[in-house]
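K.L.:
First, the structure itself, so that you have it in front of you.
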Amino acid sequence: QVQLVESGGRLVQAGGSLRLSCAVSGRFFNRYNMGWFRQAPGKEREFVAAVAWIDGKPYYADSVKGRFTVSRDNAKRTVYLQMNNLNPEDTAVYYCAADSSGRSAGVAWGSPNAYDEWGRGTQVTVSS
């Protein structure tokens, strides 16, 4: 069974930085596409970033391009989300997600339906 555990969320001032981590159990992490989503109160869950297993290529939502960086460390079975220049609109619960299918093409990176395993989330609050 695959388990995902996020960490690193906290209260930070606008303009600050945070690095979120997602530790993943599971024997085949090297073949998992990994994603980050977020959900603010009263809003739907939205795509933030993803990283492909086959080539490490990152994908980003327009709202975070140039500010956030997604990366993975296969040896540590961990995915990271480096968040810089945070603003209050980034306040949300951030979720890590895994696509354990092993797909290397045709992945709808921005759709929650593309992922079959989810963590419980970590709260990020950005104060103005």
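Quick note on naming: the chains in the structure tokens go A, B, ... in the order shown, residues restart at 1 in each chain, and ligands are numbered from 1 in order of appearance.
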Sort by chain and increasing residue number a table of all residues of segment 6-90 of chain A within 12 Å of segment 95-103 of chain A, each with its closest pair of atoms and their distance in Å to one decimal, counting only C-alpha atoms, and write it as JSON lines.
P.N.:
{"residue": "A:Glu6", "atom": "CA", "partner": "A:Cys96", "partner_atom": "CA", "distance": 6.6}
{"residue": "A:Ser7", "atom": "CA", "partner": "A:Tyr95", "partner_atom": "CA", "distance": 9.8}
{"residue": "A:Gly8", "atom": "CA", "partner": "A:Tyr95", "partner_atom": "CA", "distance": 11.5}
{"residue": "A:Gly9", "atom": "CA", "partner": "A:Tyr95", "partner_atom": "CA", "distance": 10.5}
{"residue": "A:Leu20", "atom": "CA", "partner": "A:Cys96", "partner_atom": "CA", "distance": 9.4}
{"residue": "A:Ser21", "atom": "CA", "partner": "A:Cys96", "partner_atom": "CA", "distance": 8.6}
{"residue": "A:Cys22", "atom": "CA", "partner": "A:Cys96", "partner_atom": "CA", "distance": 6.3}
{"residue": "A:Ala23", "atom": "CA", "partner": "A:Cys96", "partner_atom": "CA", "distance": 9.1}
{"residue": "A:Val24", "atom": "CA", "partner": "A:Ala98", "partner_atom": "CA", "distance": 8.7}
{"residue": "A:Ser25", "atom": "CA", "partner": "A:Ala98", "partner_atom": "CA", "distance": 10.7}
{"residue": "A:Gly26", "atom": "CA", "partner": "A:Ser100", "partner_atom": "CA", "distance": 9.3}
{"residue": "A:Arg27", "atom": "CA", "partner": "A:Ser100", "partner_atom": "CA", "distance": 10.4}
{"residue": "A:Phe28", "atom": "CA", "partner": "A:Ser100", "partner_atom": "CA", "distance": 7.9}
{"residue": "A:Phe29", "atom": "CA", "partner": "A:Ser100", "partner_atom": "CA", "distance": 7.8}
{"residue": "A:Asn30", "atom": "CA", "partner": "A:Gly102", "partner_atom": "CA", "distance": 9.1}
{"residue": "A:Arg31", "atom": "CA", "partner": "A:Gly102", "partner_atom": "CA", "distance": 5.3}
{"residue": "A:Tyr32", "atom": "CA", "partner": "A:Ser100", "partner_atom": "CA", "distance": 4.8}
{"residue": "A:Asn33", "atom": "CA", "partner": "A:Asp99", "partner_atom": "CA", "distance": 5.0}
{"residue": "A:Met34", "atom": "CA", "partner": "A:Ala98", "partner_atom": "CA", "distance": 4.7}
{"residue": "A:Gly35", "atom": "CA", "partner": "A:Ala97", "partner_atom": "CA", "distance": 5.0}
{"residue": "A:Trp36", "atom": "CA", "partner": "A:Cys96", "partner_atom": "CA", "distance": 4.7}
{"residue": "A:Phe37", "atom": "CA", "partner": "A:Tyr95", "partner_atom": "CA", "distance": 5.1}
{"residue": "A:Arg38", "atom": "CA", "partner": "A:Tyr95", "partner_atom": "CA", "distance": 5.8}
{"residue": "A:Gln39", "atom": "CA", "partner": "A:Tyr95", "partner_atom": "CA", "distance": 8.1}
{"residue": "A:Ala40", "atom": "CA", "partner": "A:Tyr95", "partner_atom": "CA", "distance": 11.2}
{"residue": "A:Arg45", "atom": "CA", "partner": "A:Tyr95", "partner_atom": "CA", "distance": 9.1}
{"residue": "A:Glu46", "atom": "CA", "partner": "A:Tyr95", "partner_atom": "CA", "distance": 9.8}
{"residue": "A:Phe47", "atom": "CA", "partner": "A:Tyr95", "partner_atom": "CA", "distance": 9.6}
{"residue": "A:Val48", "atom": "CA", "partner": "A:Tyr95", "partner_atom": "CA", "distance": 9.4}
{"residue": "A:Ala49", "atom": "CA", "partner": "A:Cys96", "partner_atom": "CA", "distance": 9.7}
{"residue": "A:Ala50", "atom": "CA", "partner": "A:Ala97", "partner_atom": "CA", "distance": 8.9}
{"residue": "A:Val51", "atom": "CA", "partner": "A:Ala98", "partner_atom": "CA", "distance": 10.0}
{"residue": "A:Ala52", "atom": "CA", "partner": "A:Arg103", "partner_atom": "CA", "distance": 9.2}
{"residue": "A:Trp53", "atom": "CA", "partner": "A:Gly102", "partner_atom": "CA", "distance": 8.1}
{"residue": "A:Ile54", "atom": "CA", "partner": "A:Arg103", "partner_atom": "CA", "distance": 8.7}
{"residue": "A:Asp55", "atom": "CA", "partner": "A:Arg103", "partner_atom": "CA", "distance": 12.0}
{"residue": "A:Val70", "atom": "CA", "partner": "A:Cys96", "partner_atom": "CA", "distance": 11.2}
{"residue": "A:Arg77", "atom": "CA", "partner": "A:Ala98", "partner_atom": "CA", "distance": 11.6}
{"residue": "A:Thr78", "atom": "CA", "partner": "A:Cys96", "partner_atom": "CA", "distance": 10.4}
{"residue": "A:Val79", "atom": "CA", "partner": "A:Cys96", "partner_atom": "CA", "distance": 8.4}
{"residue": "A:Tyr80", "atom": "CA", "partner": "A:Cys96", "partner_atom": "CA", "distance": 9.4}
{"residue": "A:Leu81", "atom": "CA", "partner": "A:Cys96", "partner_atom": "CA", "distance": 9.5}
K.L.:
If you run DSSP on this backbone, which residues of segment 37-72 of chain A come out as strand (DSSP E), and could you give them as a list of chain:residue names?
P.N.:
A:Phe37, A:Arg38, A:Gln39, A:Glu46, A:Phe47, A:Val48, A:Ala49, A:Ala50, A:Val51, A:Pro58, A:Tyr59, A:Tyr60, A:Phe68, A:Thr69, A:Val70, A:Ser71, A:Arg72
K.L.:
Please write the residues from the selection above to a file, keeping N, CA and C atoms, as an mmCIF file, in the first residue's frame.
P.N.:
data_model
loop_
_atom_site.group_PDB
_atom_site.id
_atom_site.type_symbol
_atom_site.label_atom_id
_atom_site.label_comp_id
_atom_site.auth_asym_id
_atom_site.auth_seq_id
_atom_site.Cartn_x
_atom_site.Cartn_y
_atom_site.Cartn_z
ATOM 1 N N PHE A 37 -1.234 19.499 -5.205
ATOM 2 C CA PHE A 37 -2.474 20.242 -5.360
ATOM 3 C C PHE A 37 -2.676 21.072 -4.105
ATOM 4 N N ARG A 38 -3.589 22.009 -4.178
ATOM 5 C CA ARG A 38 -3.926 22.792 -2.993
ATOM 6 C C ARG A 38 -5.412 23.094 -2.983
ATOM 7 N N GLN A 39 -5.904 23.317 -1.784
ATOM 8 C CA GLN A 39 -7.320 23.649 -1.635
ATOM 9 C C GLN A 39 -7.471 24.705 -0.561
ATOM 10 N N GLU A 46 -7.077 22.547 -6.528
ATOM 11 C CA GLU A 46 -6.480 22.980 -7.779
ATOM 12 C C GLU A 46 -5.054 22.464 -7.917
ATOM 13 N N PHE A 47 -4.687 22.260 -9.146
ATOM 14 C CA PHE A 47 -3.356 21.782 -9.477
ATOM 15 C C PHE A 47 -2.313 22.849 -9.198
ATOM 16 N N VAL A 48 -1.178 22.422 -8.666
ATOM 17 C CA VAL A 48 -0.065 23.333 -8.409
ATOM 18 C C VAL A 48 1.144 22.965 -9.277
ATOM 19 N N ALA A 49 1.578 21.714 -9.144
ATOM 20 C CA ALA A 49 2.775 21.286 -9.864
ATOM 21 C C ALA A 49 2.819 19.767 -9.923
ATOM 22 N N ALA A 50 3.620 19.272 -10.847
ATOM 23 C CA ALA A 50 3.806 17.827 -10.961
ATOM 24 C C ALA A 50 5.188 17.552 -11.524
ATOM 25 N N VAL A 51 5.640 16.328 -11.323
ATOM 26 C CA VAL A 51 6.933 15.923 -11.868
ATOM 27 C C VAL A 51 6.806 14.493 -12.375
ATOM 28 N N PRO A 58 9.159 18.847 -15.011
ATOM 29 C CA PRO A 58 8.168 19.473 -14.144
ATOM 30 C C PRO A 58 7.028 20.114 -14.932
ATOM 31 N N TYR A 59 5.902 20.238 -14.290
ATOM 32 C CA TYR A 59 4.738 20.905 -14.856
ATOM 33 C C TYR A 59 4.191 21.839 -13.778
ATOM 34 N N TYR A 60 3.728 23.010 -14.196
ATOM 35 C CA TYR A 60 3.275 24.002 -13.228
ATOM 36 C C TYR A 60 1.968 24.656 -13.652
ATOM 37 N N PHE A 68 7.438 28.688 -7.810
ATOM 38 C CA PHE A 68 7.496 27.360 -7.198
ATOM 39 C C PHE A 68 8.367 26.443 -8.044
ATOM 40 N N THR A 69 9.022 25.505 -7.360
ATOM 41 C CA THR A 69 9.823 24.500 -8.040
ATOM 42 C C THR A 69 9.527 23.134 -7.446
ATOM 43 N N VAL A 70 9.184 22.190 -8.307
ATOM 44 C CA VAL A 70 8.928 20.820 -7.868
ATOM 45 C C VAL A 70 10.136 19.971 -8.219
ATOM 46 N N SER A 71 10.468 19.059 -7.324
ATOM 47 C CA SER A 71 11.592 18.163 -7.575
ATOM 48 C C SER A 71 11.353 16.847 -6.853
ATOM 49 N N ARG A 72 12.140 15.866 -7.202
ATOM 50 C CA ARG A 72 12.013 14.558 -6.564
ATOM 51 C C ARG A 72 13.383 13.982 -6.300
#
K.L.:
Would you return as a PyMOL selection string the members of chain A that DSSP assigns to helix (DSSP H, G or I) on this structure's backbone?
P.N.:
chain A and resi 29-31+88-90+112-114
K.L.:
Mind giving me the straight-line distance from atom CA of Thr122 of chain A to atom CA of Val93 of chain A in Å, one decimal?
P.N.:
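Going from atom CA of Thr122 of chain A over to atom CA of Val93 of chain A, I get 5.4 Å.
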K.L.:
Which residue, A:Trp118, A:Tyr94, A:Trp109, A:Asn85, has the smallest gap to Pro41 of chain A when you use only C-alpha atoms?
P.N.:
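Looking at the shortest contact to Pro41 of chain A, the residue is A:Tyr94.
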K.L.:
Using atom CA of Val64 of chain A and atom CA of Thr125 of chain A as the two end points, give the distance in Å to one decimal.
P.N.:
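If I compute the distance from atom CA of Val64 of chain A to atom CA of Thr125 of chain A, I get 15.7 Å.
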